[in-house]
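Have a look at start24.txt; it's compact mmCIF, C-alpha atoms and all ligand atoms:
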```txt
# COMPACT_ATOMS: atom_id res chain seq x y z
CA MET A 1 0.00 0.00 0.00
CA GLN A 2 1.36 3.37 -0.95
CA MET A 3 1.97 5.63 2.05
CA LYS A 4 2.31 9.39 2.37
CA ILE A 5 5.46 10.32 4.26
CA MET A 6 6.35 13.84 5.30
CA THR A 7 10.12 14.25 5.71
CA ILE A 8 11.58 17.18 7.62
CA VAL A 9 15.06 18.43 6.72
CA GLY A 10 16.72 21.74 7.45
CA ALA A 11 20.45 21.41 8.05
CA ARG A 12 23.39 20.23 5.91
CA PRO A 13 23.77 16.69 7.29
CA GLN A 14 20.03 16.11 6.88
CA PHE A 15 20.10 16.87 3.17
CA ILE A 16 22.91 14.32 2.86
CA LYS A 17 20.98 11.65 4.80
CA ALA A 18 17.81 12.39 2.82
CA ALA A 19 19.72 11.78 -0.41
CA ALA A 20 19.79 8.06 0.37
CA VAL A 21 16.40 7.67 2.03
CA SER A 22 14.35 9.83 -0.37
CA ARG A 23 15.61 7.83 -3.32
CA GLU A 24 14.39 4.58 -1.71
CA LEU A 25 11.19 6.05 -0.34
CA ARG A 26 10.07 7.47 -3.66
CA LYS A 27 10.31 4.09 -5.38
CA ARG A 28 7.09 3.03 -3.69
CA HIS A 29 5.63 5.89 -1.69
CA GLN A 30 4.66 9.54 -1.83
CA GLU A 31 7.12 11.80 -0.05
CA ILE A 32 6.48 15.40 0.90
CA LEU A 33 9.91 16.86 1.49
CA VAL A 34 9.78 19.84 3.84
CA HIS A 35 12.84 22.10 4.18
CA THR A 36 12.55 24.20 7.30
CA GLY A 37 15.01 26.78 5.97
CA GLN A 38 17.36 26.34 8.95
CA HIS A 39 20.29 26.35 6.50
CA TYR A 40 19.82 28.61 3.50
CA ASP A 41 23.14 29.73 1.97
CA TYR A 42 23.70 27.96 -1.35
CA GLU A 43 26.85 26.24 -0.01
CA MET A 44 24.91 25.00 3.05
CA SER A 45 21.75 23.88 1.26
CA GLY A 46 21.17 24.12 -2.51
CA ILE A 47 24.59 22.66 -3.35
CA PHE A 48 23.51 19.33 -1.76
CA PHE A 49 20.21 19.12 -3.64
CA ASP A 50 22.12 19.74 -6.88
CA GLY A 51 25.18 17.56 -6.18
CA LEU A 52 23.33 14.62 -4.65
CA GLU A 53 20.41 14.76 -7.07
CA ILE A 54 17.82 15.16 -4.33
CA SER A 55 14.34 16.17 -5.45
CA PRO A 56 13.77 19.81 -4.62
CA PRO A 57 11.82 20.43 -1.41
CA ASP A 58 8.06 20.46 -1.87
CA VAL A 59 7.83 23.20 0.74
CA ASN A 60 10.40 25.57 2.22
CA LEU A 61 9.37 27.19 5.48
CA ASN A 62 12.23 29.70 5.20
CA VAL A 63 12.60 30.07 8.97
CA GLY A 64 16.24 31.17 8.72
CA SER A 65 18.51 31.74 11.71
CA GLY A 66 17.59 32.83 15.22
CA SER A 67 17.71 31.88 18.87
CA HIS A 68 16.72 28.29 19.63
CA GLY A 69 13.23 29.31 20.75
CA THR A 70 12.58 31.66 17.86
CA GLN A 71 13.85 29.22 15.25
CA THR A 72 12.21 26.10 16.69
CA GLY A 73 8.95 27.96 17.35
CA ALA A 74 8.68 29.16 13.77
CA MET A 75 9.32 25.63 12.50
CA LEU A 76 6.78 24.15 14.88
CA GLN A 77 4.09 26.48 13.63
CA GLY A 78 4.92 25.86 9.98
CA ILE A 79 5.13 22.07 10.32
CA GLU A 80 1.88 21.86 12.30
CA HIS A 81 0.11 23.74 9.55
CA LEU A 82 1.47 21.33 6.91
CA LEU A 83 0.61 18.24 8.95
CA LEU A 84 -2.97 19.41 9.35
CA ALA A 85 -3.25 20.04 5.63
CA GLU A 86 -1.54 16.85 4.45
CA ARG A 87 -2.31 14.29 7.18
CA PRO A 88 0.64 12.01 6.28
CA ASP A 89 0.91 8.39 7.42
CA TRP A 90 4.35 9.09 8.91
CA LEU A 91 6.55 12.03 9.78
CA LEU A 92 10.24 11.28 9.22
CA VAL A 93 13.01 13.15 11.04
CA TYR A 94 16.80 12.75 10.99
CA GLY A 95 19.43 13.29 13.63
CA ASP A 96 19.40 15.99 16.25
CA THR A 97 18.92 19.51 14.94
CA ASN A 98 16.27 22.05 15.81
CA SER A 99 14.45 20.92 12.65
CA THR A 100 14.34 17.38 14.11
CA LEU A 101 12.93 18.65 17.40
CA ALA A 102 10.29 20.82 15.75
CA GLY A 103 9.15 18.02 13.44
CA ALA A 104 8.85 15.51 16.27
CA LEU A 105 7.02 17.91 18.58
CA ALA A 106 4.55 19.04 15.95
CA ALA A 107 3.72 15.49 14.87
CA SER A 108 3.41 14.11 18.40
CA LYS A 109 0.75 16.65 19.33
CA LEU A 110 -1.27 15.68 16.25
CA SER A 111 -0.76 11.93 16.78
CA VAL A 112 1.06 11.54 13.48
CA PRO A 113 3.45 8.57 13.90
CA ILE A 114 7.10 9.59 13.93
CA VAL A 115 10.07 7.70 12.53
CA HIS A 116 13.47 8.86 13.76
CA ILE A 117 16.50 7.94 11.67
CA GLU A 118 19.77 8.05 13.63
CA ALA A 119 17.93 7.33 16.88
CA GLY A 120 19.68 6.53 20.14
CA LEU A 121 22.84 8.59 19.79
CA ARG A 122 24.01 10.15 23.05
CA SER A 123 26.89 12.33 24.17
CA PHE A 124 25.56 12.39 27.75
CA ASN A 125 26.24 16.13 27.72
CA ARG A 126 23.03 18.07 28.23
CA CYS A 127 24.83 21.36 27.55
CA MET A 128 24.74 20.41 23.87
CA PRO A 129 21.58 21.63 22.13
CA GLU A 130 21.74 18.49 19.97
CA GLU A 131 21.54 16.22 23.04
CA ILE A 132 18.28 17.86 24.11
CA ASN A 133 16.90 17.57 20.58
CA ARG A 134 17.75 13.88 20.21
CA VAL A 135 16.50 12.87 23.65
CA VAL A 136 13.14 14.55 23.04
CA ALA A 137 12.84 13.24 19.47
CA ASP A 138 13.60 9.68 20.61
CA HIS A 139 11.05 9.81 23.43
CA LEU A 140 8.36 11.02 21.03
CA SER A 141 9.12 8.60 18.19
CA ASN A 142 7.08 5.54 17.25
CA LEU A 143 9.78 3.85 15.17
CA LEU A 144 13.43 4.31 16.16
CA LEU A 145 16.00 3.38 13.53
CA CYS A 146 19.49 3.11 14.97
CA PRO A 147 22.92 3.02 13.34
CA SER A 148 24.49 0.74 15.96
CA ASP A 149 23.93 -1.57 18.92
CA THR A 150 25.28 1.15 21.20
CA ALA A 151 22.37 3.36 20.17
CA VAL A 152 19.95 0.55 21.04
CA SER A 153 21.55 0.22 24.50
CA ASN A 154 21.35 3.97 25.04
CA LEU A 155 17.62 3.87 24.32
CA ALA A 156 17.12 0.82 26.54
CA ALA A 157 18.79 2.70 29.41
CA GLU A 158 16.08 5.36 29.02
CA GLY A 159 13.31 2.76 28.96
CA ILE A 160 12.78 2.78 25.20
CA SER A 161 12.78 -0.71 23.72
CA ARG A 162 9.63 -0.99 21.58
CA ASN A 163 9.96 -0.50 17.83
CA VAL A 164 13.72 0.00 18.03
CA ARG A 165 15.73 -1.47 15.15
CA VAL A 166 19.33 -1.39 13.97
CA VAL A 167 19.51 -0.45 10.30
CA GLY A 168 23.07 0.86 9.97
CA ASP A 169 23.95 4.39 8.98
CA VAL A 170 22.32 5.96 5.94
CA MET A 171 25.41 8.19 5.54
CA LEU A 172 27.34 5.10 4.45
CA ASP A 173 24.79 4.56 1.67
CA VAL A 174 25.43 8.12 0.49
CA LEU A 175 29.19 7.73 0.71
CA ASN A 176 29.06 4.57 -1.42
CA TRP A 177 26.84 6.32 -3.97
CA ALA A 178 29.32 9.21 -4.14
CA ARG A 179 32.33 6.92 -4.51
CA ALA A 180 30.67 5.04 -7.33
CA ARG A 181 29.82 8.36 -8.96
CA ALA A 182 33.39 9.67 -8.63
CA GLY A 183 34.87 6.44 -10.05
CA ALA A 184 38.65 6.25 -10.35
CA LYS A 185 39.09 9.85 -11.52
CA PRO A 186 41.66 11.79 -9.47
CA PRO A 187 39.86 14.38 -7.33
CA GLU A 188 39.84 17.65 -9.21
CA ILE A 189 39.47 19.73 -6.03
CA LEU A 190 43.00 18.79 -4.93
CA ASN A 191 44.44 20.43 -8.05
CA ARG A 192 42.21 23.43 -7.63
CA LEU A 193 43.46 23.95 -4.07
CA GLY A 194 47.06 22.99 -4.84
CA LEU A 195 46.98 20.02 -2.44
CA LYS A 196 48.81 16.71 -2.64
CA ARG A 197 47.34 13.40 -1.55
CA ASN A 198 48.27 12.52 2.04
CA ALA A 199 50.15 15.78 2.48
CA TYR A 200 47.56 18.01 4.15
CA LEU A 201 45.14 18.03 7.07
CA LEU A 202 41.39 18.63 6.71
CA ALA A 203 39.68 20.63 9.47
CA THR A 204 36.08 21.58 10.24
CA VAL A 205 34.70 23.35 13.33
CA HIS A 206 31.10 24.37 13.92
CA ARG A 207 29.78 23.08 17.29
CA SER A 208 28.43 25.75 19.61
CA GLU A 209 30.86 24.59 22.32
CA ASN A 210 33.77 25.52 20.02
CA THR A 211 32.38 28.58 18.24
CA ASP A 212 30.46 30.36 21.01
CA ASP A 213 33.35 29.93 23.46
CA LEU A 214 36.07 32.23 22.12
CA ALA A 215 38.72 30.77 24.45
CA ARG A 216 38.13 27.25 23.08
CA LEU A 217 38.07 28.54 19.52
CA SER A 218 41.34 30.44 20.02
CA HIS A 219 43.03 27.36 21.47
CA ILE A 220 41.98 25.33 18.42
CA LEU A 221 43.11 28.03 15.96
CA ASN A 222 46.43 28.37 17.84
CA ALA A 223 46.93 24.65 17.38
CA PHE A 224 46.28 24.99 13.64
CA ASN A 225 48.82 27.83 13.52
CA SER A 226 51.41 25.70 15.35
CA LEU A 227 51.24 22.82 12.87
CA ASP A 228 53.58 22.63 9.92
CA GLU A 229 51.42 20.82 7.36
CA PRO A 230 48.94 22.59 5.06
CA ILE A 231 45.47 22.65 6.59
CA VAL A 232 42.37 23.02 4.45
CA PHE A 233 39.46 24.32 6.47
CA PRO A 234 36.01 24.62 4.81
CA VAL A 235 34.43 27.14 7.13
CA HIS A 236 30.85 26.79 8.36
CA PRO A 237 29.17 30.24 8.45
CA ARG A 238 28.87 30.04 12.22
CA ALA A 239 32.63 29.50 12.52
CA ARG A 240 33.33 32.24 9.96
CA LYS A 241 31.59 34.74 12.23
CA ALA A 242 33.31 33.43 15.36
CA ILE A 243 36.78 33.45 13.76
CA SER A 244 36.41 37.06 12.71
CA GLY A 245 35.60 37.89 16.36
CA ALA A 246 38.39 35.75 17.82
CA ASP A 247 41.27 38.15 17.12
CA CYS A 248 43.50 35.34 15.87
CA ARG A 249 45.61 35.85 12.77
CA LEU A 250 45.85 32.59 10.89
CA LYS A 251 49.14 31.66 9.25
CA PRO A 252 49.32 31.09 5.49
CA HIS A 253 49.38 27.29 5.76
CA VAL A 254 45.82 27.42 7.19
CA HIS A 255 43.59 27.72 4.11
CA LEU A 256 40.09 28.91 4.96
CA ILE A 257 37.70 28.08 2.14
CA ASP A 258 33.93 28.33 1.75
CA PRO A 259 31.96 25.20 2.61
CA VAL A 260 32.16 22.72 -0.26
CA GLY A 261 29.67 20.32 -1.86
CA TYR A 262 29.46 16.71 -0.71
CA LEU A 263 31.47 15.12 -3.54
CA ASP A 264 34.31 17.61 -3.08
CA MET A 265 34.18 17.07 0.68
CA ILE A 266 34.50 13.33 0.28
CA SER A 267 37.47 13.84 -2.03
CA LEU A 268 39.09 16.18 0.47
CA THR A 269 38.48 13.73 3.30
CA GLY A 270 39.67 10.63 1.46
CA SER A 271 42.94 12.24 0.41
CA ALA A 272 43.78 13.95 3.72
CA ARG A 273 46.57 12.61 5.94
CA LEU A 274 44.37 13.28 8.95
CA VAL A 275 41.07 14.96 9.82
CA LEU A 276 40.51 17.41 12.69
CA THR A 277 36.83 18.00 13.37
CA ASP A 278 33.96 18.49 15.76
CA SER A 279 31.46 17.24 13.14
CA GLY A 280 29.51 14.06 13.75
CA GLY A 281 29.21 13.07 10.12
CA LEU A 282 32.85 13.72 9.32
CA GLN A 283 34.12 11.45 12.14
CA LYS A 284 32.33 8.54 10.48
CA GLU A 285 33.33 9.46 6.93
CA ALA A 286 36.99 9.69 7.98
CA TYR A 287 36.64 6.20 9.45
CA TRP A 288 34.96 4.71 6.40
CA LEU A 289 37.60 6.26 4.16
CA GLY A 290 40.43 4.96 6.36
CA VAL A 291 41.66 8.39 7.46
CA PRO A 292 42.70 9.00 11.10
CA CYS A 293 40.54 11.52 12.93
CA LEU A 294 41.15 13.85 15.88
CA THR A 295 37.85 14.96 17.38
CA LEU A 296 37.94 18.49 18.76
CA ARG A 297 35.50 17.66 21.54
CA ASP A 298 35.49 16.14 25.02
CA GLU A 299 33.06 13.37 24.12
CA THR A 300 31.62 11.75 21.02
CA GLU A 301 28.45 9.91 20.13
CA TRP A 302 30.40 7.79 17.63
CA VAL A 303 32.26 5.80 20.26
CA GLU A 304 32.90 2.82 17.96
CA THR A 305 35.32 4.89 15.84
CA VAL A 306 37.35 5.62 19.00
CA GLU A 307 37.20 2.00 20.19
CA ALA A 308 38.42 0.88 16.75
CA GLY A 309 41.48 3.09 17.25
CA TRP A 310 40.91 5.46 14.30
CA ASN A 311 39.43 8.43 16.17
CA THR A 312 40.65 10.11 19.34
CA LEU A 313 39.21 12.86 21.50
CA VAL A 314 41.55 15.84 21.85
CA GLY A 315 39.19 18.55 23.12
CA SER A 316 40.44 22.09 22.51
CA ASP A 317 43.80 22.04 24.27
CA THR A 318 46.44 23.53 21.94
CA GLU A 319 49.38 21.39 23.03
CA ARG A 320 47.35 18.20 23.08
CA ILE A 321 46.04 18.81 19.57
CA VAL A 322 49.52 19.52 18.19
CA ALA A 323 51.13 16.55 19.95
CA THR A 324 48.36 14.18 18.82
CA VAL A 325 48.54 15.34 15.19
CA HIS A 326 52.19 14.25 15.26
CA SER A 327 51.78 11.02 17.20
CA PHE A 328 48.37 9.54 16.35
CA ALA A 329 48.69 6.31 14.36
CA PRO A 330 45.71 3.98 14.09
CA ILE A 331 46.33 0.28 14.34
CA ASN A 332 45.93 -1.76 11.17
CA SER A 333 42.60 -3.41 11.90
CA HIS A 334 39.58 -1.63 10.45
CA PRO A 335 36.32 -3.42 11.34
CA ALA A 336 33.15 -2.57 9.39
CA LEU A 337 31.16 -0.04 11.41
CA TYR A 338 27.59 1.18 11.12
CA GLY A 339 26.24 -1.38 8.73
CA ASP A 340 26.73 -2.36 5.14
CA GLY A 341 25.61 0.67 3.14
CA ARG A 342 22.07 -0.59 2.65
CA ALA A 343 20.46 1.23 5.57
CA ALA A 344 18.04 3.35 3.55
CA ALA A 345 16.28 0.34 2.01
CA ARG A 346 15.99 -1.19 5.48
CA CYS A 347 14.41 2.03 6.80
CA VAL A 348 11.75 1.88 4.09
CA ASP A 349 11.12 -1.83 4.65
CA LEU A 350 10.58 -1.23 8.35
CA LEU A 351 8.24 1.68 7.70
CA GLU A 352 6.17 -0.62 5.54
C1 LIG B 401 23.07 23.10 13.12
C2 LIG B 401 22.65 22.06 14.14
C3 LIG B 401 23.82 21.13 14.42
C4 LIG B 401 24.38 20.55 13.14
C5 LIG B 401 24.72 21.66 12.16
C6 LIG B 401 25.15 21.08 10.86
C7 LIG B 401 20.99 22.81 15.80
C8 LIG B 401 20.78 23.27 17.18
N1 LIG B 401 22.28 22.69 15.40
O1 LIG B 401 24.07 23.90 13.72
O2 LIG B 401 23.37 20.06 15.23
O3 LIG B 401 25.55 19.82 13.45
O4 LIG B 401 23.55 22.47 11.95
O5 LIG B 401 25.88 21.98 10.08
O6 LIG B 401 20.05 22.57 15.09
N2 LIG B 401 24.23 30.45 9.11
C9 LIG B 401 24.42 31.11 7.93
N3 LIG B 401 23.94 30.53 6.79
C10 LIG B 401 23.26 29.36 6.78
C11 LIG B 401 23.06 28.71 8.00
C12 LIG B 401 23.55 29.27 9.16
O7 LIG B 401 25.02 32.18 7.88
O8 LIG B 401 22.86 28.89 5.70
C13 LIG B 401 24.81 31.04 10.34
C14 LIG B 401 23.85 31.98 11.08
O9 LIG B 401 24.60 33.01 11.63
C15 LIG B 401 23.32 31.10 12.19
C16 LIG B 401 24.51 30.21 12.49
O10 LIG B 401 25.14 29.99 11.25
O11 LIG B 401 22.90 31.83 13.31
C17 LIG B 401 24.14 28.88 13.12
O12 LIG B 401 23.19 28.19 12.33
P1 LIG B 401 22.17 27.15 13.01
O13 LIG B 401 21.40 26.45 11.96
O14 LIG B 401 21.40 27.81 14.11
O15 LIG B 401 23.11 26.13 13.74
P2 LIG B 401 24.38 25.34 13.19
O16 LIG B 401 25.56 25.80 13.96
O17 LIG B 401 24.42 25.40 11.73
N1 LIG B 402 30.31 18.55 4.61
C1 LIG B 402 30.28 19.02 3.30
N2 LIG B 402 30.93 20.20 3.03
C2 LIG B 402 31.61 20.90 3.98
C3 LIG B 402 31.62 20.40 5.30
C4 LIG B 402 30.95 19.23 5.58
O1 LIG B 402 29.70 18.40 2.41
O2 LIG B 402 32.16 21.95 3.65
C5 LIG B 402 29.60 17.29 4.91
C6 LIG B 402 30.41 16.24 5.61
O3 LIG B 402 31.17 15.48 4.68
C7 LIG B 402 29.34 15.43 6.30
C8 LIG B 402 28.32 16.48 6.68
O4 LIG B 402 28.58 17.60 5.84
O5 LIG B 402 28.72 14.53 5.39
C9 LIG B 402 28.48 16.85 8.12
O6 LIG B 402 27.76 17.99 8.39
P1 LIG B 402 28.11 18.95 9.60
O7 LIG B 402 29.53 18.78 10.00
O8 LIG B 402 27.64 20.29 9.23
O9 LIG B 402 27.12 18.42 10.74
P2 LIG B 402 27.17 17.24 11.79
O10 LIG B 402 27.45 15.97 11.10
O11 LIG B 402 28.19 17.59 12.83
O12 LIG B 402 25.81 17.28 12.41
```

Write out the structure in this file as structure tokens.
Ligand code: UD1
Ligand code: UDP
Amino acid sequence: MQMKIMTIVGARPQFIKAAAVSRELRKRHQEILVHTGQHYDYEMSGIFFDGLEISPPDVNLNVGSGSHGTQTGAMLQGIEHLLLAERPDWLLVYGDTNSTLAGALAASKLSVPIVHIEAGLRSFNRCMPEEINRVVADHLSNLLLCPSDTAVSNLAAEGISRNVRVVGDVMLDVLNWARARAGAKPPEILNRLGLKRNAYLLATVHRSENTDDLARLSHILNAFNSLDEPIVFPVHPRARKAISGADCRLKPHVHLIDPVGYLDMISLTGSARLVLTDSGGLQKEAYWLGVPCLTLRDETEWVETVEAGWNTLVGSDTERIVATVHSFAPINSHPALYGDGRAAARCVDLLE
């Protein structure tokens, strides 16, 4: 039976996840793709719809940026209105952003069943806005699709065990799609940026803990300045603003560039000697691509990458970051993590 599914996306990693799931969903069902407008710059939004061949959003709520309450409130109002008009069989949300929270809240009050993809992730740090969003979304969801057994255990510890399934990570599906698309061609972006394979570091920083706290941000930037390898740093708009306020002059080997599209990002990641990041998605992509990762945080949700020996938590301490960039060497074993790259099809099967 064909179902009507309303999907909520709004932020960069959600467009990427939707690339895999929408493709599967639309083979058999009607999808109404709702973009909240949380991310709106072309390099943060449109570039992913174009590069990953995602159907354009059916609706864009254009909420834009704002405080958590203002932004989430505007989304809540817009999504409620759409749910009342469309009465979908399911509301689908991804991950842990304010768009996720608003979608889950709006649907729960209207008794529209909610499916949460990337359920059960926890940092156990309630100072993170994402932790609040994911805890609430999980507790409101009717079907919880997890990337790992750890996520299932996290949910069980909060008393959630019904309709919880492990499907793997839909980001691996997207990565495999992109690799097949890129084929064996040498990545053109390396030439464009004058980079050599295995001879540069890739950095991203955007978490509120690192961008809103100027001391932490300065420590991270000082570490970048103290390194002697080229660093390519696609800058999230939030970090761009924070860096300009941080009074830190970056040395010429630190190349700040605009955010890049997904295929370019995967090329940059796969060819880097090492990744430095506070991104959730990038920690996993570095792992899948066999690139060591230093996570610029004090905890991670993606604990399996650390346990496997390919990711390590370095926080924001300048000396620790510099020393670990020089010393970190993963062991040879590289177990498969987060499924087999067929998570999206499993999500759709379980919805059915
Ligand atoms: C959001 C998510 C975070 C996710 C990240 C992915 C929340 C609470 N946070 O963080 O979990 O990891 O997206 O990238 O939902 N801005 C622009 N142009 C844009 C988008 C944002 O200039 O297209 C600037 C604005 O100044 C805005 C700031 O970035 O205030 C932060 O954007 P926002 O969406 O609130 O949070 P992110 O840091 O992007
Ligand atoms: N990404 C991208 N271009 C960039 C930076 C990141 O395509 O300039 C991709 C990255 O490869 C990963 C996703 O965006 O797939 C991660 O998004 P982000 O770091 O914004 O959010 P998080 O995963 O931390 O929620």

Inset, instruction - Show which residues sit within 8 Å of Val291 in chain A, as a PyMOL selection string. Count all atoms listed in the file, and ignore same-chain residues fewer than 6 positions away. - result: chain A and resi 269-270+272-275+310

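Here CA of Ser22 in chain A stands at a distance of 21.9 Å from CA of Leu121 in chain A.
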
Inset, instruction - Take CA of Asp173 in chain A and CA of Arg197 in chain A and report the distance between them in Å, one decimal. - result: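 The value is 24.4 Å.
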
Can you tell me, as a compact mmCIF listing (two decimals) with C-alpha atoms, keeping the file's coordinate frame, what residues are no more than 12 Å from Ala184 in chain A when counting all atoms listed in the file, ignoring any on the same chain fewer than 5 positions away?
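The file below, selection-v6.txt, is the result:
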```txt
# COMPACT_ATOMS: atom_id res chain seq x y z
CA ALA A 178 29.32 9.21 -4.14
CA ARG A 179 32.33 6.92 -4.51
CA SER A 267 37.47 13.84 -2.03
```

List all protein, DNA and RNA residues that have an atom no more than 6 Å from any atom of ligand LIG 402 (chain B), counting all atoms listed in the file, and report them as an mmCIF file with C-alpha atoms, keeping the file's coordinate frame.
```
data_model
loop_
_atom_site.group_PDB
_atom_site.id
_atom_site.type_symbol
_atom_site.label_atom_id
_atom_site.label_comp_id
_atom_site.auth_asym_id
_atom_site.auth_seq_id
_atom_site.Cartn_x
_atom_site.Cartn_y
_atom_site.Cartn_z
ATOM 1 C CA ARG A 12 23.390 20.230 5.910
ATOM 2 C CA PRO A 13 23.770 16.690 7.290
ATOM 3 C CA PRO A 234 36.010 24.620 4.810
ATOM 4 C CA PRO A 259 31.960 25.200 2.610
ATOM 5 C CA VAL A 260 32.160 22.720 -0.260
ATOM 6 C CA GLY A 261 29.670 20.320 -1.860
ATOM 7 C CA TYR A 262 29.460 16.710 -0.710
ATOM 8 C CA MET A 265 34.180 17.070 0.680
ATOM 9 C CA ILE A 266 34.500 13.330 0.280
ATOM 10 C CA SER A 279 31.460 17.240 13.140
ATOM 11 C CA GLY A 280 29.510 14.060 13.750
ATOM 12 C CA GLY A 281 29.210 13.070 10.120
ATOM 13 C CA LEU A 282 32.850 13.720 9.320
#
```

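Straight-line separation from CA of Pro237 in chain A to CA of Asn176 in chain A: 27.5 Å.
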
Legend entry - Selected residue, from A:Pro113, A:Pro147, A:Gly69, A:Gly95, that lies nearest to Glu131 in chain A when counting all atoms listed in the file: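 Using all atoms listed in the file, the shortest distance to Glu131 in chain A belongs to A:Gly95.
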
Inset, instruction - For Glu209 in chain A, please output as a list in words all residues within 12 Å (counting only C-alpha atoms; exclusion window: fewer than 2 positions along the same chain). - result: Asn125, Arg126, Cys127, Met128, Pro129, Glu130, Val205, His206, Arg207, Thr211, Asp212, Asp213, Leu214, Ala215, Arg216, Leu217, Ile220, Arg238, Ala239, Ala242, Asp278, Ser279, Leu296, Arg297, Asp298, Glu299, Gly315 and Ser316 of chain A

Save range 46-105 of chain A of the structure in the block above to a file, with C-alpha atoms included, as an mmCIF file, in the first residue's frame.
```
data_model
loop_
_atom_site.group_PDB
_atom_site.id
_atom_site.type_symbol
_atom_site.label_atom_id
_atom_site.label_comp_id
_atom_site.auth_asym_id
_atom_site.auth_seq_id
_atom_site.Cartn_x
_atom_site.Cartn_y
_atom_site.Cartn_z
ATOM 1 C CA GLY A 46 21.175 24.122 -2.512
ATOM 2 C CA ILE A 47 24.591 22.660 -3.349
ATOM 3 C CA PHE A 48 23.513 19.334 -1.763
ATOM 4 C CA PHE A 49 20.214 19.124 -3.643
ATOM 5 C CA ASP A 50 22.115 19.742 -6.876
ATOM 6 C CA GLY A 51 25.179 17.561 -6.182
ATOM 7 C CA LEU A 52 23.333 14.616 -4.648
ATOM 8 C CA GLU A 53 20.414 14.756 -7.071
ATOM 9 C CA ILE A 54 17.824 15.160 -4.332
ATOM 10 C CA SER A 55 14.335 16.165 -5.447
ATOM 11 C CA PRO A 56 13.767 19.811 -4.621
ATOM 12 C CA PRO A 57 11.824 20.426 -1.407
ATOM 13 C CA ASP A 58 8.058 20.459 -1.872
ATOM 14 C CA VAL A 59 7.831 23.197 0.739
ATOM 15 C CA ASN A 60 10.403 25.572 2.220
ATOM 16 C CA LEU A 61 9.365 27.185 5.482
ATOM 17 C CA ASN A 62 12.226 29.703 5.199
ATOM 18 C CA VAL A 63 12.600 30.071 8.966
ATOM 19 C CA GLY A 64 16.239 31.168 8.719
ATOM 20 C CA SER A 65 18.514 31.738 11.711
ATOM 21 C CA GLY A 66 17.590 32.833 15.216
ATOM 22 C CA SER A 67 17.713 31.883 18.869
ATOM 23 C CA HIS A 68 16.723 28.291 19.629
ATOM 24 C CA GLY A 69 13.233 29.305 20.753
ATOM 25 C CA THR A 70 12.579 31.655 17.858
ATOM 26 C CA GLN A 71 13.854 29.219 15.252
ATOM 27 C CA THR A 72 12.208 26.098 16.687
ATOM 28 C CA GLY A 73 8.949 27.955 17.352
ATOM 29 C CA ALA A 74 8.677 29.164 13.767
ATOM 30 C CA MET A 75 9.323 25.631 12.501
ATOM 31 C CA LEU A 76 6.782 24.150 14.884
ATOM 32 C CA GLN A 77 4.095 26.485 13.633
ATOM 33 C CA GLY A 78 4.924 25.858 9.979
ATOM 34 C CA ILE A 79 5.132 22.065 10.319
ATOM 35 C CA GLU A 80 1.884 21.862 12.302
ATOM 36 C CA HIS A 81 0.111 23.740 9.548
ATOM 37 C CA LEU A 82 1.468 21.333 6.908
ATOM 38 C CA LEU A 83 0.613 18.240 8.950
ATOM 39 C CA LEU A 84 -2.972 19.406 9.350
ATOM 40 C CA ALA A 85 -3.253 20.041 5.627
ATOM 41 C CA GLU A 86 -1.538 16.846 4.454
ATOM 42 C CA ARG A 87 -2.313 14.286 7.181
ATOM 43 C CA PRO A 88 0.637 12.005 6.283
ATOM 44 C CA ASP A 89 0.909 8.389 7.424
ATOM 45 C CA TRP A 90 4.348 9.088 8.911
ATOM 46 C CA LEU A 91 6.547 12.025 9.782
ATOM 47 C CA LEU A 92 10.243 11.282 9.219
ATOM 48 C CA VAL A 93 13.008 13.153 11.040
ATOM 49 C CA TYR A 94 16.802 12.748 10.985
ATOM 50 C CA GLY A 95 19.434 13.287 13.631
ATOM 51 C CA ASP A 96 19.402 15.988 16.250
ATOM 52 C CA THR A 97 18.922 19.509 14.942
ATOM 53 C CA ASN A 98 16.269 22.051 15.812
ATOM 54 C CA SER A 99 14.451 20.919 12.649
ATOM 55 C CA THR A 100 14.338 17.382 14.110
ATOM 56 C CA LEU A 101 12.930 18.647 17.397
ATOM 57 C CA ALA A 102 10.286 20.819 15.754
ATOM 58 C CA GLY A 103 9.152 18.020 13.442
ATOM 59 C CA ALA A 104 8.849 15.513 16.269
ATOM 60 C CA LEU A 105 7.017 17.905 18.575
#
```
